[in-house]
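The file target.txt comes next; it holds compact mmCIF, C-alpha atoms and all ligand atoms.
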# COMPACT_ATOMS: atom_id res chain seq x y z
CA MET A 1 -12.37 -13.65 1.91
CA LYS A 2 -11.95 -13.38 -1.86
CA ALA A 3 -8.70 -13.57 -3.80
CA LEU A 4 -8.41 -12.77 -7.50
CA VAL A 5 -5.48 -14.37 -9.31
CA VAL A 6 -4.33 -12.47 -12.41
CA GLY A 7 -2.84 -14.70 -15.12
CA ASN A 8 -3.79 -18.13 -16.40
CA GLY A 9 -0.67 -20.28 -16.73
CA GLY A 10 0.89 -23.06 -14.65
CA ARG A 11 2.18 -20.63 -12.04
CA GLU A 12 -1.29 -19.16 -11.61
CA HIS A 13 -2.89 -22.60 -11.35
CA ALA A 14 -0.40 -23.44 -8.57
CA MET A 15 -1.12 -20.12 -6.79
CA ALA A 16 -4.88 -20.57 -7.09
CA TRP A 17 -4.58 -24.16 -5.82
CA ARG A 18 -2.55 -23.07 -2.79
CA LEU A 19 -4.79 -20.04 -2.09
CA ALA A 20 -7.87 -22.26 -2.25
CA GLY A 21 -6.31 -24.25 0.61
CA SER A 22 -6.33 -21.16 2.87
CA PRO A 23 -9.26 -21.42 5.29
CA GLY A 24 -12.31 -19.41 4.24
CA VAL A 25 -10.82 -18.15 0.97
CA LYS A 26 -12.72 -18.17 -2.32
CA VAL A 27 -10.51 -17.83 -5.39
CA LEU A 28 -11.33 -16.09 -8.67
CA ILE A 29 -9.04 -16.14 -11.70
CA THR A 30 -8.82 -14.09 -14.90
CA LEU A 31 -10.05 -16.53 -17.56
CA GLY A 32 -8.18 -19.46 -16.03
CA ASN A 33 -7.35 -22.60 -18.02
CA GLY A 34 -8.58 -26.16 -18.43
CA GLY A 35 -7.52 -27.10 -14.90
CA THR A 36 -8.19 -24.08 -12.71
CA GLY A 37 -11.95 -24.73 -12.52
CA ALA A 38 -11.36 -27.24 -9.73
CA VAL A 39 -10.02 -24.53 -7.40
CA ALA A 40 -11.07 -21.15 -8.80
CA GLN A 41 -13.99 -19.44 -10.49
CA SER A 42 -13.15 -18.02 -13.90
CA ILE A 43 -14.07 -14.38 -14.56
CA PRO A 44 -14.31 -13.16 -18.16
CA VAL A 45 -11.47 -10.62 -17.98
CA LYS A 46 -8.12 -11.01 -19.74
CA PRO A 47 -4.97 -10.91 -17.57
CA SER A 48 -3.80 -8.01 -19.77
CA ASP A 49 -6.98 -5.93 -19.31
CA ILE A 50 -5.91 -3.52 -16.55
CA ASP A 51 -9.17 -1.51 -16.51
CA GLY A 52 -11.22 -4.71 -16.59
CA ILE A 53 -9.33 -6.19 -13.64
CA VAL A 54 -9.77 -3.06 -11.51
CA ARG A 55 -13.48 -3.01 -12.37
CA ALA A 56 -13.96 -6.73 -11.65
CA ALA A 57 -12.06 -6.52 -8.35
CA LYS A 58 -14.39 -3.70 -7.24
CA ASN A 59 -17.59 -5.36 -8.46
CA GLU A 60 -16.68 -8.68 -6.86
CA SER A 61 -15.50 -7.00 -3.60
CA VAL A 62 -12.18 -8.81 -3.88
CA ASP A 63 -10.05 -8.64 -0.71
CA LEU A 64 -6.73 -9.37 -2.38
CA VAL A 65 -5.57 -9.37 -6.01
CA VAL A 66 -2.56 -11.62 -6.63
CA VAL A 67 -0.71 -10.71 -9.82
CA GLY A 68 1.12 -13.62 -11.50
CA PRO A 69 2.83 -12.31 -14.66
CA GLU A 70 5.30 -9.45 -15.08
CA ALA A 71 3.50 -7.53 -17.85
CA PRO A 72 0.56 -6.19 -15.78
CA LEU A 73 2.96 -5.36 -12.92
CA ALA A 74 5.14 -3.36 -15.32
CA GLN A 75 2.01 -1.59 -16.59
CA GLY A 76 1.17 -0.45 -13.07
CA LEU A 77 -1.73 -2.75 -12.21
CA VAL A 78 -0.84 -2.67 -8.50
CA ASN A 79 -0.77 1.15 -8.50
CA ARG A 80 -4.18 1.23 -10.18
CA LEU A 81 -5.68 -1.27 -7.73
CA ASN A 82 -4.24 0.55 -4.71
CA GLU A 83 -5.63 3.88 -6.00
CA ALA A 84 -9.02 2.16 -6.14
CA GLY A 85 -8.60 1.06 -2.53
CA ILE A 86 -7.96 -2.61 -3.38
CA ARG A 87 -5.16 -4.63 -1.80
CA ALA A 88 -2.81 -6.18 -4.35
CA PHE A 89 0.14 -8.53 -4.00
CA GLY A 90 3.08 -7.52 -6.18
CA PRO A 91 5.40 -4.55 -6.70
CA ASP A 92 4.28 -1.15 -8.00
CA LYS A 93 5.21 0.04 -11.48
CA ASP A 94 8.49 1.71 -10.47
CA ASN A 95 9.75 -1.33 -8.60
CA ALA A 96 8.64 -3.71 -11.38
CA ARG A 97 11.32 -2.02 -13.52
CA ILE A 98 13.82 -4.32 -11.80
CA GLU A 99 12.54 -6.90 -14.33
CA ALA A 100 11.06 -4.64 -17.01
CA SER A 101 14.36 -2.87 -17.75
CA LYS A 102 17.62 -4.77 -17.66
CA ALA A 103 19.56 -1.47 -17.82
CA PHE A 104 17.67 -0.20 -14.76
CA CYS A 105 18.38 -3.49 -12.99
CA HIS A 106 22.13 -3.07 -13.58
CA GLU A 107 21.95 0.54 -12.38
CA VAL A 108 20.36 -0.64 -9.11
CA LEU A 109 22.84 -3.51 -8.72
CA ASP A 110 25.78 -1.12 -9.25
CA ALA A 111 24.44 1.37 -6.72
CA ALA A 112 23.81 -1.43 -4.24
CA GLY A 113 27.24 -3.01 -4.79
CA VAL A 114 25.68 -6.37 -5.73
CA PRO A 115 27.82 -8.78 -7.77
CA ALA A 116 26.66 -9.26 -11.39
CA ALA A 117 28.11 -9.61 -14.89
CA GLY A 118 30.09 -6.71 -16.37
CA TYR A 119 27.95 -4.89 -18.95
CA HIS A 120 27.48 -2.10 -21.49
CA VAL A 121 24.21 -0.40 -22.42
CA PHE A 122 23.53 0.69 -26.02
CA ASP A 123 20.75 2.82 -27.54
CA ASP A 124 22.58 3.14 -30.85
CA PRO A 125 22.83 0.01 -33.04
CA ASP A 126 26.11 1.18 -34.63
CA GLN A 127 27.75 1.50 -31.22
CA ALA A 128 26.45 -1.92 -30.18
CA ILE A 129 27.74 -3.52 -33.38
CA LYS A 130 31.12 -1.82 -32.99
CA HIS A 131 31.43 -3.17 -29.45
CA LEU A 132 30.27 -6.67 -30.41
CA SER A 133 32.77 -6.80 -33.29
CA THR A 134 35.73 -6.94 -30.92
CA CYS A 135 34.48 -8.00 -27.45
CA PRO A 136 35.49 -11.37 -25.93
CA LEU A 137 33.27 -14.39 -26.72
CA PRO A 138 30.93 -15.86 -25.62
CA VAL A 139 28.93 -12.72 -24.95
CA VAL A 140 25.33 -12.19 -23.89
CA VAL A 141 23.02 -9.81 -25.78
CA LYS A 142 19.88 -8.81 -23.90
CA ALA A 143 16.94 -6.69 -25.00
CA ASP A 144 16.37 -4.11 -22.26
CA GLY A 145 12.58 -4.53 -22.09
CA LEU A 146 10.14 -7.38 -21.47
CA ALA A 147 10.33 -10.03 -24.17
CA ALA A 148 8.52 -13.04 -22.68
CA GLY A 149 11.77 -15.01 -22.31
CA LYS A 150 12.91 -14.35 -25.90
CA GLY A 151 15.13 -11.34 -25.21
CA VAL A 152 18.40 -13.05 -24.23
CA VAL A 153 20.93 -14.46 -26.69
CA VAL A 154 24.03 -16.22 -25.39
CA ALA A 155 26.28 -15.83 -28.43
CA THR A 156 29.26 -18.13 -28.85
CA THR A 157 30.27 -16.78 -32.26
CA ARG A 158 30.81 -13.22 -33.53
CA GLU A 159 28.09 -13.75 -36.15
CA GLU A 160 25.49 -14.78 -33.55
CA ALA A 161 26.34 -11.75 -31.42
CA LEU A 162 26.04 -9.33 -34.34
CA ASP A 163 22.86 -11.02 -35.58
CA ALA A 164 21.26 -10.67 -32.15
CA ALA A 165 21.97 -6.94 -31.98
CA ARG A 166 20.80 -6.35 -35.57
CA SER A 167 17.66 -8.41 -35.05
CA GLN A 168 16.72 -6.65 -31.81
CA MET A 169 17.81 -3.08 -32.59
CA VAL A 170 17.49 -2.72 -36.38
CA ASP A 171 14.82 -5.27 -37.40
CA ARG A 172 12.98 -4.62 -34.13
CA SER A 173 12.15 -8.31 -33.74
CA LEU A 174 10.99 -7.68 -30.17
CA GLY A 175 9.42 -4.27 -30.81
CA ASP A 176 10.26 -1.50 -28.33
CA ALA A 177 11.81 -4.04 -25.92
CA GLY A 178 14.94 -3.99 -28.11
CA ASN A 179 15.30 -0.19 -28.46
CA THR A 180 17.99 -0.46 -25.84
CA VAL A 181 20.28 -3.47 -25.58
CA VAL A 182 22.45 -4.60 -22.67
CA VAL A 183 25.60 -6.52 -23.61
CA GLU A 184 26.86 -8.66 -20.75
CA GLU A 185 29.97 -10.56 -19.90
CA PHE A 186 29.35 -14.34 -20.09
CA LEU A 187 29.24 -15.93 -16.63
CA GLU A 188 29.99 -19.59 -16.03
CA GLY A 189 28.58 -21.82 -13.31
CA GLU A 190 25.43 -23.50 -12.12
CA GLU A 191 22.19 -21.51 -12.16
CA ALA A 192 19.65 -21.39 -9.33
CA SER A 193 16.50 -19.47 -8.52
CA TYR A 194 16.04 -17.73 -5.20
CA MET A 195 12.63 -16.22 -4.50
CA VAL A 196 11.65 -14.23 -1.44
CA ILE A 197 8.45 -12.52 -0.37
CA THR A 198 9.04 -9.11 1.15
CA ASP A 199 6.87 -6.34 2.57
CA GLY A 200 9.70 -3.88 1.94
CA ASP A 201 11.29 -4.56 5.31
CA TYR A 202 10.89 -8.16 6.41
CA VAL A 203 12.17 -10.85 4.02
CA LEU A 204 10.49 -14.27 3.95
CA PRO A 205 12.57 -16.70 1.85
CA MET A 206 10.76 -19.28 -0.26
CA ALA A 207 12.25 -22.73 -0.79
CA THR A 208 15.09 -22.68 -3.33
CA SER A 209 14.67 -24.09 -6.82
CA GLN A 210 16.30 -24.67 -10.15
CA ASP A 211 14.83 -24.24 -13.61
CA HIS A 212 15.74 -25.92 -16.95
CA LYS A 213 15.59 -23.21 -19.60
CA ARG A 214 16.63 -25.05 -22.78
CA VAL A 215 14.14 -27.15 -24.67
CA PHE A 216 16.23 -30.32 -25.10
CA ASP A 217 18.04 -32.74 -22.79
CA GLY A 218 21.53 -31.76 -21.71
CA ASP A 219 20.61 -28.05 -21.88
CA GLN A 220 20.60 -28.05 -25.67
CA GLY A 221 18.40 -26.12 -28.11
CA PRO A 222 16.70 -22.74 -27.76
CA ASN A 223 15.65 -21.12 -24.48
CA THR A 224 12.06 -21.63 -23.34
CA GLY A 225 9.97 -20.25 -20.51
CA GLY A 226 11.23 -23.26 -18.53
CA MET A 227 10.91 -27.01 -19.20
CA GLY A 228 10.95 -28.19 -15.61
CA ALA A 229 12.11 -27.31 -12.14
CA TYR A 230 12.90 -28.87 -8.82
CA SER A 231 13.04 -27.68 -5.26
CA PRO A 232 15.21 -27.45 -3.20
CA ALA A 233 18.33 -26.61 -5.23
CA PRO A 234 21.23 -28.34 -3.41
CA VAL A 235 23.64 -25.67 -4.70
CA LEU A 236 21.80 -23.09 -2.53
CA ASP A 237 22.46 -24.67 0.86
CA ASP A 238 21.81 -22.76 4.11
CA GLU A 239 25.24 -21.10 4.12
CA VAL A 240 24.93 -19.91 0.54
CA GLN A 241 21.38 -18.68 1.15
CA LYS A 242 22.58 -16.57 4.08
CA HIS A 243 25.30 -15.15 1.88
CA VAL A 244 22.80 -14.40 -0.94
CA LEU A 245 20.42 -12.69 1.49
CA ALA A 246 23.18 -10.53 2.95
CA THR A 247 25.09 -9.62 -0.22
CA ILE A 248 22.37 -9.68 -2.90
CA ILE A 249 18.75 -9.54 -1.71
CA ARG A 250 18.98 -7.08 1.21
CA PRO A 251 21.25 -4.54 -0.51
CA THR A 252 18.98 -4.59 -3.58
CA LEU A 253 15.85 -3.98 -1.48
CA ALA A 254 17.62 -1.19 0.44
CA GLU A 255 18.62 0.51 -2.82
CA LEU A 256 15.10 0.23 -4.27
CA ALA A 257 13.61 1.70 -1.07
CA ARG A 258 16.16 4.54 -1.16
CA ARG A 259 14.98 5.42 -4.69
CA GLY A 260 11.30 5.63 -3.89
CA THR A 261 8.76 3.29 -2.40
CA PRO A 262 9.82 0.04 -0.71
CA TYR A 263 9.57 -3.10 -2.87
CA LYS A 264 6.64 -5.37 -1.95
CA GLY A 265 5.80 -8.78 -3.35
CA VAL A 266 8.03 -11.52 -4.73
CA LEU A 267 11.60 -10.70 -5.62
CA TYR A 268 13.10 -13.50 -7.70
CA ALA A 269 16.85 -13.57 -8.18
CA GLY A 270 18.17 -15.64 -11.07
CA LEU A 271 21.67 -16.49 -9.86
CA MET A 272 24.84 -17.87 -11.38
CA MET A 273 27.07 -19.67 -8.89
CA THR A 274 30.43 -18.57 -10.30
CA SER A 275 33.92 -19.39 -9.00
CA GLU A 276 33.85 -15.88 -7.48
CA GLY A 277 30.59 -16.57 -5.66
CA PRO A 278 26.91 -16.05 -6.55
CA LYS A 279 26.15 -13.29 -9.07
CA VAL A 280 22.83 -11.93 -10.31
CA LEU A 281 21.83 -12.91 -13.87
CA GLU A 282 18.47 -11.20 -13.63
CA TYR A 283 15.74 -10.18 -11.26
CA ASN A 284 12.10 -11.02 -11.81
CA CYS A 285 9.37 -9.08 -10.04
CA ARG A 286 7.10 -12.13 -9.61
CA PHE A 287 7.04 -15.84 -8.96
CA GLY A 288 8.95 -17.97 -11.50
CA ASP A 289 7.21 -20.38 -13.83
CA PRO A 290 7.65 -23.37 -13.49
CA GLU A 291 9.66 -22.94 -10.24
CA THR A 292 6.51 -21.90 -8.39
CA GLN A 293 4.86 -25.28 -8.99
CA PRO A 294 7.34 -27.37 -6.91
CA VAL A 295 7.90 -24.52 -4.41
CA LEU A 296 4.22 -23.98 -3.63
CA TYR A 297 3.63 -27.74 -3.71
CA ARG A 298 6.10 -27.97 -0.81
CA MET A 299 4.78 -24.91 1.02
CA ARG A 300 2.96 -25.42 4.33
CA GLY A 301 0.95 -22.62 5.90
CA ASP A 302 -1.57 -20.07 4.77
CA LEU A 303 -0.55 -18.39 1.50
CA PHE A 304 -3.48 -15.95 1.55
CA THR A 305 -2.52 -14.66 5.01
CA ALA A 306 1.12 -14.38 3.98
CA MET A 307 0.28 -12.38 0.85
CA GLN A 308 -2.14 -10.15 2.71
CA ALA A 309 0.47 -9.53 5.42
CA CYS A 310 2.94 -8.64 2.68
CA THR A 311 0.65 -5.86 1.43
CA ASP A 312 0.02 -4.67 5.02
CA GLY A 313 3.68 -4.61 6.09
CA THR A 314 3.16 -7.28 8.75
CA LEU A 315 5.01 -10.14 7.10
CA SER A 316 7.28 -10.71 10.13
CA GLY A 317 4.34 -12.29 11.97
CA VAL A 318 3.70 -14.91 9.30
CA ASN A 319 4.49 -18.59 9.67
CA ILE A 320 5.35 -20.46 6.48
CA SER A 321 7.37 -23.63 6.20
CA PHE A 322 8.30 -26.10 3.49
CA ASP A 323 7.85 -29.84 3.35
CA PRO A 324 11.39 -31.27 3.65
CA ARG A 325 10.59 -33.70 0.84
CA PRO A 326 11.91 -32.53 -2.54
CA ALA A 327 9.50 -31.86 -5.40
CA ILE A 328 9.92 -31.66 -9.14
CA CYS A 329 7.80 -30.19 -11.91
CA LEU A 330 8.07 -31.72 -15.36
CA VAL A 331 6.69 -29.52 -18.13
CA LEU A 332 4.82 -31.33 -20.91
CA ALA A 333 4.99 -29.15 -24.03
CA ALA A 334 3.13 -29.01 -27.33
CA GLU A 335 4.74 -30.02 -30.62
CA ASN A 336 7.15 -27.41 -31.99
CA TYR A 337 7.36 -25.38 -28.73
CA PRO A 338 9.17 -22.95 -28.16
CA ALA A 339 8.48 -21.97 -31.78
CA LYS A 340 4.81 -21.70 -32.83
CA PRO A 341 3.19 -24.67 -31.04
CA ARG A 342 0.59 -27.05 -32.47
CA LEU A 343 -2.69 -26.40 -30.60
CA GLY A 344 -6.19 -27.81 -30.20
CA ASP A 345 -5.38 -31.47 -29.45
CA VAL A 346 -7.41 -33.40 -26.91
CA ILE A 347 -5.32 -34.43 -23.87
CA GLU A 348 -5.82 -38.01 -22.70
CA GLY A 349 -5.01 -39.62 -19.38
CA LEU A 350 -5.64 -36.73 -16.99
CA GLY A 351 -8.25 -38.68 -15.03
CA ASN A 352 -5.85 -41.54 -14.28
CA ALA A 353 -3.02 -39.13 -13.52
CA ALA A 354 -5.19 -37.36 -10.93
CA ARG A 355 -5.46 -40.58 -8.91
CA ILE A 356 -1.70 -40.92 -8.27
CA PRO A 357 -0.77 -39.80 -4.73
CA HIS A 358 1.94 -37.17 -4.07
CA VAL A 359 1.37 -35.72 -7.56
CA GLN A 360 -0.46 -32.63 -8.76
CA VAL A 361 -0.84 -31.90 -12.47
CA PHE A 362 -0.96 -28.11 -12.90
CA HIS A 363 -2.46 -26.87 -16.15
CA ALA A 364 -0.81 -24.13 -18.20
CA GLY A 365 -1.72 -23.98 -21.92
CA THR A 366 -4.99 -25.89 -21.74
CA ALA A 367 -8.63 -25.03 -22.34
CA LEU A 368 -11.89 -26.97 -22.14
CA ASP A 369 -13.70 -27.77 -25.40
CA ASP A 370 -17.49 -27.88 -25.82
CA ASP A 371 -17.53 -31.40 -24.41
CA ASP A 372 -15.52 -30.29 -21.34
CA ARG A 373 -12.44 -32.16 -22.53
CA ALA A 374 -9.05 -30.55 -21.88
CA VAL A 375 -7.35 -29.52 -25.12
CA THR A 376 -3.93 -27.95 -25.76
CA SER A 377 -4.03 -24.15 -26.09
CA GLY A 378 -0.43 -23.06 -25.46
CA GLY A 379 3.21 -24.15 -25.78
CA ARG A 380 3.76 -25.26 -22.21
CA VAL A 381 0.69 -27.40 -21.63
CA LEU A 382 0.97 -29.15 -18.25
CA GLY A 383 3.32 -29.17 -15.25
CA VAL A 384 3.40 -32.61 -13.64
CA THR A 385 4.49 -31.84 -10.08
CA ALA A 386 5.48 -34.63 -7.71
CA ALA A 387 7.05 -35.01 -4.27
CA GLY A 388 9.11 -37.91 -2.93
CA GLU A 389 11.27 -38.93 0.01
CA THR A 390 14.23 -38.42 -2.33
CA VAL A 391 14.76 -36.45 -5.55
CA ARG A 392 14.90 -39.77 -7.37
CA GLU A 393 11.52 -40.85 -6.00
CA ALA A 394 9.95 -37.48 -6.86
CA ARG A 395 11.42 -37.65 -10.34
CA ASP A 396 10.31 -41.25 -10.93
CA ARG A 397 6.77 -40.33 -9.86
CA ALA A 398 6.60 -37.34 -12.20
CA TYR A 399 7.87 -39.39 -15.16
CA LYS A 400 5.47 -42.24 -14.38
CA VAL A 401 2.55 -39.79 -14.50
CA ALA A 402 3.88 -38.10 -17.66
CA LYS A 403 3.73 -41.51 -19.39
CA MET A 404 0.03 -41.74 -18.51
CA ILE A 405 -0.73 -38.49 -20.39
CA LYS A 406 -0.93 -38.28 -24.18
CA TRP A 407 -1.67 -36.00 -27.09
CA PRO A 408 -0.14 -35.85 -30.59
CA GLY A 409 3.28 -34.20 -30.58
CA MET A 410 3.64 -33.96 -26.79
CA HIS A 411 7.29 -33.67 -25.71
CA TYR A 412 9.24 -33.20 -22.53
CA ARG A 413 12.79 -33.36 -21.25
CA GLN A 414 14.04 -36.69 -19.91
CA ASP A 415 16.65 -35.19 -17.59
CA ILE A 416 14.81 -32.84 -15.22
CA ALA A 417 16.60 -32.70 -11.84
CA HIS A 418 19.69 -34.51 -13.15
CA ARG A 419 21.93 -32.03 -11.30
CA ALA A 420 20.31 -32.88 -7.97
CA LEU A 421 20.70 -36.64 -8.46
P1 LIG A 501 17.81 -13.89 -18.11
O1 LIG A 501 16.41 -13.82 -18.63
O2 LIG A 501 18.51 -12.57 -18.09
O3 LIG A 501 17.97 -14.69 -16.86
O4 LIG A 501 18.56 -14.81 -19.17
C1 LIG A 501 18.05 -16.06 -19.58
C2 LIG A 501 19.13 -17.10 -19.50
O5 LIG A 501 20.26 -16.72 -20.26
C3 LIG A 501 19.67 -17.31 -18.09
O6 LIG A 501 18.88 -18.18 -17.35
C4 LIG A 501 21.04 -17.87 -18.38
O7 LIG A 501 20.97 -19.26 -18.71
C5 LIG A 501 21.44 -17.13 -19.62
N1 LIG A 501 22.23 -15.92 -19.25
C6 LIG A 501 21.77 -14.68 -19.01
N2 LIG A 501 22.75 -13.83 -18.69
C7 LIG A 501 23.88 -14.54 -18.72
C8 LIG A 501 25.27 -14.23 -18.49
N3 LIG A 501 25.67 -12.99 -18.18
N4 LIG A 501 26.16 -15.23 -18.60
C9 LIG A 501 25.78 -16.48 -18.93
N5 LIG A 501 24.51 -16.84 -19.18
C10 LIG A 501 23.57 -15.88 -19.09
N1 LIG A 502 11.35 -19.84 -15.15
C1 LIG A 502 11.92 -18.58 -15.37
C2 LIG A 502 11.01 -17.46 -15.16
O1 LIG A 502 9.95 -17.58 -14.60
O2 LIG A 502 11.37 -16.35 -15.54
Translate this structure into structure tokens?
Amino acid sequence: MKALVVGNGGREHAMAWRLAGSPGVKVLITLGNGGTGAVAQSIPVKPSDIDGIVRAAKNESVDLVVVGPEAPLAQGLVNRLNEAGIRAFGPDKDNARIEASKAFCHEVLDAAGVPAAGYHVFDDPDQAIKHLSTCPLPVVVKADGLAAGKGVVVATTREEALDAARSQMVDRSLGDAGNTVVVEEFLEGEEASYMVITDGDYVLPMATSQDHKRVFDGDQGPNTGGMGAYSPAPVLDDEVQKHVLATIIRPTLAELARRGTPYKGVLYAGLMMTSEGPKVLEYNCRFGDPETQPVLYRMRGDLFTAMQACTDGTLSGVNISFDPRPAICLVLAAENYPAKPRLGDVIEGLGNAARIPHVQVFHAGTALDDDDRAVTSGGRVLGVTAAGETVREARDRAYKVAKMIKWPGMHYRQDIAHRAL
């Protein structure tokens, strides 16, 4: 069997690595990165090239295309592949709107009666500015469309709130993504990520996890794509998970099915555990990055079969479990990330790091140079993923390996998993 992974970041390396462990499965990947060569064959098609992916999947007789990032899902890659008779893991274009439009997401949550922040939607900058001039603070200003993690501003002052709306709606800093803006009530609590795989009917929960969005220790500094994650998230214990499934995940899936086609693929709920119970901060229509690294590291069972069953509507027959040992993923980032990162530096120490047991270093923003050395090619460079008998052991392992790896300007958070300790 052949699987084609679309995307080339840390999440896709983890998916390719896990898929390559499925018996009899050969893995291809769009471009790939400096680390994916060990588990997947690179094909010269960009993850954003929808026509190219459909063509390559046909030419290579791919049995299953696994779509990592949100952008090709929102552009309808799964629809295009299905029209061409190719199985694809991920939601269709309409269902991907749950992530691609924050206004649509709220509409679905309202109709489904799912708890979330109070909100207002604005198409007109003057109306948004009028509202933001008097609303309670802090307040959250969100570009409606996809903005690669840059579309959300948690404003603590009036000036920040007004600046965010002006920047997104008037200066068009995020392009069309900011044509519409959603202004949300600020929610307080601990955040957690809850991902499930669903075939539209059956729901297969993944292990729980928690991300660290801010660039600096103590959740300071600007938001990033995620600086580290751990799994499980103690705040999502069995009781809370049951509650989230019953009051959040299932009603959302029922409402999406009522509107059109059933949702298939990964549904990722970003949750805030408020004093009134868990509320939805956002939905993603794909696996989280870096959450996927520790979650798939812990996964036991055949990921290819599970994903194929998801596309076929036979997910209820699939057996997946998770290693009870906790795992953490520590993101090593390039200098200046999340602003424009310094690129092109040779990464040292990967060979030694690869020899440490219970650790897997997933590559994200890396490439191979002419001498086959791994060099930095993106902001989030590596995800050092480690398991341990305890969170502390997993964390100590990941930090020990991080110290073995070097390039100029490398930085990472020192406090990943502090909440679980
Ligand atoms: P999102 O991409 O919508 O999850 O937003 C990114 C981050 O902004 C979240 O992980 C939260 O840390 C924060 N955030 C988003 N919405 C809210 C909200 N309504 N209240 C408080 N924080 C929020
Ligand atoms: N780590 C957050 C995300 O994948 O959206």
Spatial neighbours of Gly349 in chain A, max dist 12 Å, all atoms listed in the file, sep filter under 4 positions, as a PDB file with C-alpha atoms, keeping the file's coordinate frame:
ATOM      1  CA  ALA A 353      -3.020 -39.130 -13.520  1.00  0.00           C
ATOM      2  CA  ALA A 354      -5.190 -37.360 -10.930  1.00  0.00           C
ATOM      3  CA  ARG A 355      -5.460 -40.580  -8.910  1.00  0.00           C
ATOM      4  CA  ILE A 356      -1.700 -40.920  -8.270  1.00  0.00           C
ATOM      5  CA  VAL A 361      -0.840 -31.900 -12.470  1.00  0.00           C
ATOM      6  CA  ARG A 373     -12.440 -32.160 -22.530  1.00  0.00           C
ATOM      7  CA  ALA A 374      -9.050 -30.550 -21.880  1.00  0.00           C
ATOM      8  CA  VAL A 375      -7.350 -29.520 -25.120  1.00  0.00           C
ATOM      9  CA  LYS A 400       5.470 -42.240 -14.380  1.00  0.00           C
ATOM     10  CA  VAL A 401       2.550 -39.790 -14.500  1.00  0.00           C
ATOM     11  CA  ALA A 402       3.880 -38.100 -17.660  1.00  0.00           C
ATOM     12  CA  LYS A 403       3.730 -41.510 -19.390  1.00  0.00           C
ATOM     13  CA  MET A 404       0.030 -41.740 -18.510  1.00  0.00           C
ATOM     14  CA  ILE A 405      -0.730 -38.490 -20.390  1.00  0.00           C
ATOM     15  CA  LYS A 406      -0.930 -38.280 -24.180  1.00  0.00           C
ATOM     16  CA  TRP A 407      -1.670 -36.000 -27.090  1.00  0.00           C
TER      17      TRP A 407
END
Neighbours of ligand LIG 502 (chain A) at 12 Å or closer, counting only C-alpha atoms and all ligand atoms: which residues, as a PyMOL selection string? chain A and resi 9-12+68-70+99-100+146-152+191-195+209-214+223-230+266-271+281-294+329+331+380
With distances taken over only C-alpha atoms and all ligand atoms, which residue among A:Lys102, A:His363, A:Arg395, A:Lys242 lies nearest ligand LIG 501 (chain A)?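 Between A:Lys102, A:His363, A:Arg395, A:Lys242, the residue approaching ligand LIG 501 (chain A) most closely is A:Lys102.
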What lies within 10 Å of Val54 in chain A using only C-alpha atoms, ignoring chain neighbours under 5 positions off, as a ChimeraX atom specification? /A:49,59,62,65,77-78,80-86
Of the candidates A:Glu107, A:Asp126, A:Asp219, A:Asp94, which one gets nearest to ligand LIG 501 (chain A) if we count only C-alpha atoms and all ligand atoms?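 Result for the nearest residue to ligand LIG 501 (chain A): A:Asp219.
Using only C-alpha atoms and all ligand atoms for every distance, the candidate list A:Gly301, A:Gly365, A:Gly379, A:Pro222 yields A:Pro222 as the residue closest to ligand LIG 501 (chain A).
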Using only C-alpha atoms, which of the listed residues (A:Ala88, A:Val244, A:Val359, A:Ala20) sits closest to Leu73 in chain A?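 For Leu73 in chain A, the nearest of the given residues is A:Ala88.
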Excluding Gly200 in chain A and its own-chain neighbours fewer than 4 positions away, which residues fall within 6 Å of it when counting only C-alpha atoms? Please give them as a short mmCIF file (atom, residue, chain, number, x, y, z; two decimals) with C-alpha atoms, in the coordinates of the input.
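And here's part-v4.cif as it stands now:
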data_model
loop_
_atom_site.label_atom_id
_atom_site.label_comp_id
_atom_site.auth_asym_id
_atom_site.auth_seq_id
_atom_site.Cartn_x
_atom_site.Cartn_y
_atom_site.Cartn_z
CA PRO A 262 9.82 0.04 -0.71
CA TYR A 263 9.57 -3.10 -2.87
CA LYS A 264 6.64 -5.37 -1.95
#
Could you jot down the CA of Ala111 in chain A to CA of Leu253 in chain A separation for me, Å, one decimal place? 11.4 Å
Restricting the calculation to only C-alpha atoms, which member of A:Leu332, A:Ala246, A:Ala367, A:Val181 is positioned closest to Leu31 in chain A? A:Ala367
Check the smallest atom-to-atom distance from each of A:Val235, A:Ile50, A:Leu303, A:Ala207 to Arg325 in chain A using all atoms listed in the file, then report the winner.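 Once distances to Arg325 in chain A are computed over all atoms listed in the file, the minimum belongs to A:Ala207.
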Selection: 12 Å around Lys130 in chain A, all atoms listed in the file, excl. self and same-chain fewer than 2 positions, as a VMD selection string: chain A and resid 122 124 to 128 132 to 135 158 161 to 162 165 to 166 183
Need to verify the contact set: Pro138 in chain A, 6 Å, all atoms listed in the file, exclusion of same-chain residues closer than 6 positions in sequence. Can you return it as an MDAnalysis selection string? chainID A and resid 155:156 186
